[in-house]
Structure formats: structure tokens, C-alpha cells
Amino acid sequence: MESYRNVSEFILLGLSYGHNLQIFCFVVFLLCYIILLAGNFLILISVQCSPLYNQPMYYFLIHLSSIDICYTCTVTPKFIGDLLLERKTISYGSCLLQVFSMHFFGGVEIFILTVMAYDRYVAICKPLHYMIIMNRTRCNLLVFATWIGAAVHAFPIFIIAFNLPFCGPNEIDHYFCDIFPLLQLACTDTRISAILILAFAGIISLGVFVVLSLSYGIILFTLRNQSAEGKRKALSTCGSHITVVIFCFGPIIFIYLRPPTTFPEDKILALFYTIITPMFNPLIYTLRNTEMKNTLRKVWCQTLLSKESHN
């Protein structure tokens, strides 16, 4: 345990840009974070205040929005604040907490996306039995399963990080604590740890991505027999989901499905799954979804009208 006490904090190198550019990044990412929170809270409130809450697709969507908020809160506020600081530090305990929370909430997100793909598969391939198969009890069990799956994914990675000895350099070439940069700072042989991380992060992400791709392949194959209107509606909802999956899984697979090395490009790619994708999720699911747009108009127009009549 003595080796752990040699490093009480880590220095985050951040994006490693000049001061003026970091000020510009602060303004841009603060705006992105505000849009992210506003968009996801808008979906949460709108769906819960409308009949859409009883539909499995939107029930899963509000869980996705909730996880996006929790997921980004683990990294983004500190990252934005650090852009104004000359010396960016994080304590040892906060660093480990960041590793766990990132992988836990990230795991919930990728499993929720898988559940949403299953929901679309049932809706399109078995429409007559949809409400029987996707009843509320099963929906609750599926959501619970995503949390269990995320815990199975995150706890081993946290245990690996917790057991790493740090007795030398403490500079992390990233804007948040992640497992691969920590492996490079550890003063021990980390080859076995790297293999375990590859199994718990890279292979799981790739496996889920393959499952999602196969499910949408089956959906597209099934659509060939449907009418033009049915194809249009199905492709509209599936198109939104496929867009989110590509934005989310592309950078994750690139970063975690490889040996434990870090590249300068990793920080740019990490922006996709820590800020950009959670910010675009509400826009993708609302702008491409007629039901969501109608619900937003109905809920918020009624709210404004009731306030005006009250006044």
C-alpha cells in the first residue's frame, strides 16, 4: 500500500493548446454542455408529461437521456473548468472515481442502445405481438439488466485501476482519468491488466456493436416486404438510432480495442463520447421523429398557454 501514497494527485495535461485557444474551447464546450443538459432535460420532461411515456421506445429514451446527463457530469464540468486553469490537477481518489463512473455510465449507455435496438426489432418484425412482448415488466427488467451489465463491465476495470502502483510520474496526457493513461504511469508490468481491459472494454464494445449491426440487418431485411409508408416510418426511427450508435461506438472501439497505447488523437475522439454524442442525441431523436416533435409542441405550448391564462 505504500506505493499508492507516493502519488496523491495527478496532473491532467488537458488538450495542451495555447491559452487563447483554451479560452475559445471553454466557450465552445460550455455552450455544448448547456445544450446537452437542456436537450436531455427537455426530452425527460416532455416524455414524462405525455402519453409517449407508456410506449417502450420512449421509456427507454428517457433512460438514455438520464444516463447521458449522469455520464457527462462525471467528466465535462471539470474538463470545462480546467480550461481556465494553468495547472490542472485531480486527486487520486477522484481519479479512480472518474474511471469507475465513466465506464459504469458508459456501459449503461451502450446496453440501453442495445435494448432500444431490440425494441425496434420487435416493433418491426413482430408488430402484432409488440405490446405483449414489450410490456412494462419486461421493459423494467431490461433496464435493470443494463445496470447489471454495466456493473460487470466497470467493476473489474475499477479494481485494476485501484491495484495499480504509482511511484513516479503523475502527468496524464488527457483531460480526464482513463484506464489506459493510468496504465502507462504504473510502475509495474501491466501486460496482464491490458489484456483484461481489452476483454472488459474493447471486446464487449465490439460485441455489442456486432449485435446491433446484425439486429438492424434483420430489420432492413424484414422491411423489404412492407409498404412504402411503413418503410419510411421504420427507417425514420431506425435511422436516428443507427446515427447515435455510429457516433458512440466508432471512437470507443478505436480507443479500447487495441494495445494500451495513447495517441494525441485519442483526446479528440474522446470528445465524441463525452460531449458531442450526448449533445446530439436529443437533436437526433427529436428532429428525425415526428411523434417527438408533436409532443414537444403539445407539452410546451400547453404549459405556456396555462401560464398565460393563469396570469
# chains A, B, ... in the order shown; residues from 1 in each chain; ligands from 1
>>> select_by_dssp(residues="range 25-90 of chain A", states="helix (DSSP H, G or I)", output="PDB file with N, CA and C atoms, in the first residue's frame")
ATOM      1  N   CYS A  25     -12.000  27.236 -26.504  1.00  0.00           N
ATOM      2  CA  CYS A  25     -12.555  25.910 -26.227  1.00  0.00           C
ATOM      3  C   CYS A  25     -13.494  25.959 -25.027  1.00  0.00           C
ATOM      4  N   PHE A  26     -13.148  26.777 -24.020  1.00  0.00           N
ATOM      5  CA  PHE A  26     -14.012  26.912 -22.846  1.00  0.00           C
ATOM      6  C   PHE A  26     -15.401  27.409 -23.250  1.00  0.00           C
ATOM      7  N   VAL A  27     -15.452  28.431 -24.087  1.00  0.00           N
ATOM      8  CA  VAL A  27     -16.734  28.996 -24.522  1.00  0.00           C
ATOM      9  C   VAL A  27     -17.514  27.969 -25.341  1.00  0.00           C
ATOM     10  N   VAL A  28     -16.818  27.294 -26.272  1.00  0.00           N
ATOM     11  CA  VAL A  28     -17.488  26.326 -27.158  1.00  0.00           C
ATOM     12  C   VAL A  28     -18.046  25.155 -26.366  1.00  0.00           C
ATOM     13  N   PHE A  29     -17.215  24.573 -25.483  1.00  0.00           N
ATOM     14  CA  PHE A  29     -17.647  23.377 -24.756  1.00  0.00           C
ATOM     15  C   PHE A  29     -18.648  23.712 -23.648  1.00  0.00           C
ATOM     16  N   LEU A  30     -18.565  24.912 -23.102  1.00  0.00           N
ATOM     17  CA  LEU A  30     -19.591  25.330 -22.145  1.00  0.00           C
ATOM     18  C   LEU A  30     -20.942  25.438 -22.840  1.00  0.00           C
ATOM     19  N   LEU A  31     -20.944  26.008 -24.037  1.00  0.00           N
ATOM     20  CA  LEU A  31     -22.177  26.097 -24.822  1.00  0.00           C
ATOM     21  C   LEU A  31     -22.697  24.702 -25.167  1.00  0.00           C
ATOM     22  N   CYS A  32     -21.786  23.791 -25.557  1.00  0.00           N
ATOM     23  CA  CYS A  32     -22.181  22.414 -25.861  1.00  0.00           C
ATOM     24  C   CYS A  32     -22.797  21.736 -24.635  1.00  0.00           C
ATOM     25  N   TYR A  33     -22.205  21.981 -23.471  1.00  0.00           N
ATOM     26  CA  TYR A  33     -22.693  21.340 -22.244  1.00  0.00           C
ATOM     27  C   TYR A  33     -24.077  21.877 -21.869  1.00  0.00           C
ATOM     28  N   ILE A  34     -24.284  23.176 -22.057  1.00  0.00           N
ATOM     29  CA  ILE A  34     -25.602  23.765 -21.778  1.00  0.00           C
ATOM     30  C   ILE A  34     -26.651  23.179 -22.728  1.00  0.00           C
ATOM     31  N   ILE A  35     -26.299  23.062 -24.018  1.00  0.00           N
ATOM     32  CA  ILE A  35     -27.211  22.463 -24.997  1.00  0.00           C
ATOM     33  C   ILE A  35     -27.501  21.010 -24.635  1.00  0.00           C
ATOM     34  N   LEU A  36     -26.458  20.294 -24.210  1.00  0.00           N
ATOM     35  CA  LEU A  36     -26.592  18.890 -23.808  1.00  0.00           C
ATOM     36  C   LEU A  36     -27.592  18.738 -22.662  1.00  0.00           C
ATOM     37  N   LEU A  37     -27.402  19.537 -21.609  1.00  0.00           N
ATOM     38  CA  LEU A  37     -28.299  19.449 -20.452  1.00  0.00           C
ATOM     39  C   LEU A  37     -29.717  19.870 -20.823  1.00  0.00           C
ATOM     40  N   ALA A  38     -29.836  20.980 -21.563  1.00  0.00           N
ATOM     41  CA  ALA A  38     -31.161  21.485 -21.933  1.00  0.00           C
ATOM     42  C   ALA A  38     -31.907  20.470 -22.799  1.00  0.00           C
ATOM     43  N   GLY A  39     -31.200  19.896 -23.788  1.00  0.00           N
ATOM     44  CA  GLY A  39     -31.847  18.941 -24.691  1.00  0.00           C
ATOM     45  C   GLY A  39     -32.298  17.676 -23.986  1.00  0.00           C
ATOM     46  N   ASN A  40     -31.444  17.132 -23.122  1.00  0.00           N
ATOM     47  CA  ASN A  40     -31.806  15.896 -22.429  1.00  0.00           C
ATOM     48  C   ASN A  40     -32.893  16.120 -21.385  1.00  0.00           C
ATOM     49  N   PHE A  41     -32.835  17.242 -20.671  1.00  0.00           N
ATOM     50  CA  PHE A  41     -33.908  17.544 -19.719  1.00  0.00           C
ATOM     51  C   PHE A  41     -35.221  17.809 -20.457  1.00  0.00           C
ATOM     52  N   LEU A  42     -35.129  18.398 -21.643  1.00  0.00           N
ATOM     53  CA  LEU A  42     -36.325  18.641 -22.453  1.00  0.00           C
ATOM     54  C   LEU A  42     -37.003  17.321 -22.819  1.00  0.00           C
ATOM     55  N   ILE A  43     -36.205  16.321 -23.216  1.00  0.00           N
ATOM     56  CA  ILE A  43     -36.762  15.001 -23.527  1.00  0.00           C
ATOM     57  C   ILE A  43     -37.356  14.360 -22.282  1.00  0.00           C
ATOM     58  N   LEU A  44     -36.637  14.425 -21.149  1.00  0.00           N
ATOM     59  CA  LEU A  44     -37.124  13.826 -19.912  1.00  0.00           C
ATOM     60  C   LEU A  44     -38.484  14.381 -19.511  1.00  0.00           C
ATOM     61  N   ILE A  45     -38.588  15.702 -19.487  1.00  0.00           N
ATOM     62  CA  ILE A  45     -39.824  16.356 -19.038  1.00  0.00           C
ATOM     63  C   ILE A  45     -40.951  16.119 -20.039  1.00  0.00           C
ATOM     64  N   SER A  46     -40.643  16.260 -21.337  1.00  0.00           N
ATOM     65  CA  SER A  46     -41.673  16.151 -22.372  1.00  0.00           C
ATOM     66  C   SER A  46     -42.275  14.749 -22.418  1.00  0.00           C
ATOM     67  N   VAL A  47     -41.425  13.714 -22.366  1.00  0.00           N
ATOM     68  CA  VAL A  47     -41.923  12.342 -22.449  1.00  0.00           C
ATOM     69  C   VAL A  47     -42.714  11.977 -21.200  1.00  0.00           C
ATOM     70  N   GLN A  48     -42.214  12.373 -20.029  1.00  0.00           N
ATOM     71  CA  GLN A  48     -42.907  12.021 -18.784  1.00  0.00           C
ATOM     72  C   GLN A  48     -44.237  12.752 -18.639  1.00  0.00           C
ATOM     73  N   PRO A  51     -48.403  11.034 -23.174  1.00  0.00           N
ATOM     74  CA  PRO A  51     -48.727   9.598 -23.292  1.00  0.00           C
ATOM     75  C   PRO A  51     -47.587   8.758 -23.857  1.00  0.00           C
ATOM     76  N   LEU A  52     -46.566   9.409 -24.453  1.00  0.00           N
ATOM     77  CA  LEU A  52     -45.441   8.660 -25.008  1.00  0.00           C
ATOM     78  C   LEU A  52     -44.709   7.852 -23.945  1.00  0.00           C
ATOM     79  N   TYR A  53     -44.844   8.264 -22.672  1.00  0.00           N
ATOM     80  CA  TYR A  53     -44.148   7.565 -21.581  1.00  0.00           C
ATOM     81  C   TYR A  53     -44.557   6.099 -21.501  1.00  0.00           C
ATOM     82  N   ASN A  54     -45.778   5.800 -21.958  1.00  0.00           N
ATOM     83  CA  ASN A  54     -46.273   4.426 -21.903  1.00  0.00           C
ATOM     84  C   ASN A  54     -45.774   3.571 -23.060  1.00  0.00           C
ATOM     85  N   PRO A  56     -42.794   1.734 -25.015  1.00  0.00           N
ATOM     86  CA  PRO A  56     -41.461   1.244 -24.646  1.00  0.00           C
ATOM     87  C   PRO A  56     -40.316   2.034 -25.257  1.00  0.00           C
ATOM     88  N   MET A  57     -40.439   2.438 -26.525  1.00  0.00           N
ATOM     89  CA  MET A  57     -39.356   3.170 -27.190  1.00  0.00           C
ATOM     90  C   MET A  57     -38.993   4.440 -26.435  1.00  0.00           C
ATOM     91  N   TYR A  58     -40.008   5.181 -26.006  1.00  0.00           N
ATOM     92  CA  TYR A  58     -39.762   6.452 -25.324  1.00  0.00           C
ATOM     93  C   TYR A  58     -39.426   6.245 -23.847  1.00  0.00           C
ATOM     94  N   TYR A  59     -39.890   5.141 -23.291  1.00  0.00           N
ATOM     95  CA  TYR A  59     -39.494   4.767 -21.937  1.00  0.00           C
ATOM     96  C   TYR A  59     -37.978   4.538 -21.889  1.00  0.00           C
ATOM     97  N   PHE A  60     -37.452   3.851 -22.910  1.00  0.00           N
ATOM     98  CA  PHE A  60     -36.003   3.641 -22.984  1.00  0.00           C
ATOM     99  C   PHE A  60     -35.276   4.944 -23.320  1.00  0.00           C
ATOM    100  N   LEU A  61     -35.918   5.794 -24.110  1.00  0.00           N
ATOM    101  CA  LEU A  61     -35.294   7.063 -24.494  1.00  0.00           C
ATOM    102  C   LEU A  61     -35.054   7.961 -23.287  1.00  0.00           C
ATOM    103  N   ILE A  62     -36.003   7.998 -22.335  1.00  0.00           N
ATOM    104  CA  ILE A  62     -35.775   8.856 -21.168  1.00  0.00           C
ATOM    105  C   ILE A  62     -34.682   8.264 -20.267  1.00  0.00           C
ATOM    106  N   HIS A  63     -34.529   6.949 -20.285  1.00  0.00           N
ATOM    107  CA  HIS A  63     -33.408   6.354 -19.561  1.00  0.00           C
ATOM    108  C   HIS A  63     -32.085   6.723 -20.239  1.00  0.00           C
ATOM    109  N   LEU A  64     -32.076   6.729 -21.563  1.00  0.00           N
ATOM    110  CA  LEU A  64     -30.870   7.138 -22.288  1.00  0.00           C
ATOM    111  C   LEU A  64     -30.514   8.588 -21.979  1.00  0.00           C
ATOM    112  N   SER A  65     -31.508   9.461 -21.940  1.00  0.00           N
ATOM    113  CA  SER A  65     -31.265  10.868 -21.616  1.00  0.00           C
ATOM    114  C   SER A  65     -30.740  11.027 -20.190  1.00  0.00           C
ATOM    115  N   SER A  66     -31.306  10.257 -19.256  1.00  0.00           N
ATOM    116  CA  SER A  66     -30.839  10.315 -17.862  1.00  0.00           C
ATOM    117  C   SER A  66     -29.383   9.885 -17.756  1.00  0.00           C
ATOM    118  N   ILE A  67     -29.040   8.807 -18.455  1.00  0.00           N
ATOM    119  CA  ILE A  67     -27.665   8.309 -18.414  1.00  0.00           C
ATOM    120  C   ILE A  67     -26.713   9.298 -19.084  1.00  0.00           C
ATOM    121  N   ASP A  68     -27.143   9.925 -20.177  1.00  0.00           N
ATOM    122  CA  ASP A  68     -26.305  10.936 -20.831  1.00  0.00           C
ATOM    123  C   ASP A  68     -25.950  12.059 -19.860  1.00  0.00           C
ATOM    124  N   ILE A  69     -26.929  12.487 -19.067  1.00  0.00           N
ATOM    125  CA  ILE A  69     -26.684  13.555 -18.095  1.00  0.00           C
ATOM    126  C   ILE A  69     -25.689  13.084 -17.028  1.00  0.00           C
ATOM    127  N   CYS A  70     -25.913  11.897 -16.468  1.00  0.00           N
ATOM    128  CA  CYS A  70     -25.009  11.360 -15.442  1.00  0.00           C
ATOM    129  C   CYS A  70     -23.614  11.122 -16.009  1.00  0.00           C
ATOM    130  N   TYR A  71     -23.559  10.582 -17.207  1.00  0.00           N
ATOM    131  CA  TYR A  71     -22.290  10.230 -17.845  1.00  0.00           C
ATOM    132  C   TYR A  71     -21.418  11.467 -18.063  1.00  0.00           C
ATOM    133  N   THR A  72     -22.017  12.502 -18.618  1.00  0.00           N
ATOM    134  CA  THR A  72     -21.234  13.703 -18.911  1.00  0.00           C
ATOM    135  C   THR A  72     -20.869  14.470 -17.645  1.00  0.00           C
ATOM    136  N   CYS A  73     -21.699  14.372 -16.607  1.00  0.00           N
ATOM    137  CA  CYS A  73     -21.394  15.079 -15.361  1.00  0.00           C
ATOM    138  C   CYS A  73     -20.142  14.541 -14.676  1.00  0.00           C
ATOM    139  N   THR A  76     -17.304  16.244 -17.873  1.00  0.00           N
ATOM    140  CA  THR A  76     -17.390  17.512 -18.589  1.00  0.00           C
ATOM    141  C   THR A  76     -17.271  18.755 -17.715  1.00  0.00           C
ATOM    142  N   PRO A  77     -17.960  18.864 -16.568  1.00  0.00           N
ATOM    143  CA  PRO A  77     -17.809  20.093 -15.770  1.00  0.00           C
ATOM    144  C   PRO A  77     -16.365  20.377 -15.356  1.00  0.00           C
ATOM    145  N   LYS A  78     -15.639  19.341 -14.917  1.00  0.00           N
ATOM    146  CA  LYS A  78     -14.240  19.543 -14.532  1.00  0.00           C
ATOM    147  C   LYS A  78     -13.393  19.896 -15.742  1.00  0.00           C
ATOM    148  N   PHE A  79     -13.645  19.207 -16.851  1.00  0.00           N
ATOM    149  CA  PHE A  79     -12.893  19.495 -18.080  1.00  0.00           C
ATOM    150  C   PHE A  79     -13.069  20.949 -18.507  1.00  0.00           C
ATOM    151  N   ILE A  80     -14.302  21.443 -18.473  1.00  0.00           N
ATOM    152  CA  ILE A  80     -14.565  22.831 -18.876  1.00  0.00           C
ATOM    153  C   ILE A  80     -13.898  23.802 -17.904  1.00  0.00           C
ATOM    154  N   GLY A  81     -14.016  23.518 -16.598  1.00  0.00           N
ATOM    155  CA  GLY A  81     -13.379  24.386 -15.607  1.00  0.00           C
ATOM    156  C   GLY A  81     -11.873  24.397 -15.731  1.00  0.00           C
ATOM    157  N   ASP A  82     -11.280  23.253 -16.043  1.00  0.00           N
ATOM    158  CA  ASP A  82      -9.818  23.155 -16.168  1.00  0.00           C
ATOM    159  C   ASP A  82      -9.274  23.957 -17.343  1.00  0.00           C
TER     160      ASP A  82
END
>>> residues_around(residues="range 13-22 of chain A", least_positions_apart="5", cutoff="8 Å", atoms="only C-alpha atoms", output="ChimeraX atom specification")
/A:79,82-84,88,171-176,267
>>> write_last_selection(atoms="C-alpha atoms", output="JSON list (two decimals), in the first residue's frame")
[["chain", "number", "residue", "atom", "x", "y", "z"],
["A", 79, "PHE", "CA", -12.89, 19.49, -18.08],
["A", 82, "ASP", "CA", -9.82, 23.15, -16.17],
["A", 83, "LEU", "CA", -9.66, 25.01, -19.48],
["A", 84, "LEU", "CA", -9.36, 28.24, -17.44],
["A", 88, "LYS", "CA", -4.98, 21.04, -13.91],
["A", 171, "GLU", "CA", 1.17, 13.54, -15.57],
["A", 172, "ILE", "CA", -1.80, 12.15, -17.50],
["A", 173, "ASP", "CA", -1.82, 13.15, -21.16],
["A", 174, "HIS", "CA", -5.59, 13.51, -21.26],
["A", 175, "TYR", "CA", -8.35, 15.80, -19.98],
["A", 176, "PHE", "CA", -9.83, 13.12, -17.68],
["A", 267, "LYS", "CA", -8.38, 13.21, -26.77]]
>>> closest_residue(among="A:Ile218, A:Leu198, A:Ile276, A:Cys167", to="Asn6 in chain A", atoms="only C-alpha atoms")
A:Cys167
>>> closest_residue(among="A:Ile179, A:Ala201, A:Leu96, A:Ala117", to="Ile219 in chain A", atoms="only C-alpha atoms")
A:Ala117
>>> atom_distance(atom1="CA of Val122 in chain A", atom2="CA of Phe144 in chain A")
19.1 Å
>>> closest_residue(among="A:Tyr92, A:Phe221, A:Phe247, A:Phe10", to="Phe209 in chain A", atoms="only C-alpha atoms")
A:Phe247
>>> decode(residues="range 106-124 of chain A", atoms="C-alpha atoms", output="compact mmCIF listing (two decimals), in the first residue's frame")
# COMPACT_ATOMS: atom_id res chain seq x y z
CA GLY A 106 -20.85 4.40 -20.42
CA GLY A 107 -21.69 0.71 -20.02
CA VAL A 108 -25.30 1.50 -19.15
CA GLU A 109 -25.50 3.69 -22.25
CA ILE A 110 -24.25 1.07 -24.71
CA PHE A 111 -26.54 -1.58 -23.20
CA ILE A 112 -29.52 0.81 -23.33
CA LEU A 113 -28.76 1.35 -27.03
CA THR A 114 -28.81 -2.44 -27.43
CA VAL A 115 -32.17 -2.68 -25.66
CA MET A 116 -33.53 0.07 -27.91
CA ALA A 117 -32.38 -1.91 -30.95
CA TYR A 118 -34.23 -4.97 -29.60
CA ASP A 119 -37.33 -2.81 -29.12
CA ARG A 120 -37.16 -1.68 -32.77
CA TYR A 121 -36.66 -5.28 -33.88
CA VAL A 122 -39.82 -6.42 -32.06
CA ALA A 123 -41.82 -3.40 -33.28
CA ILE A 124 -40.93 -4.01 -36.94
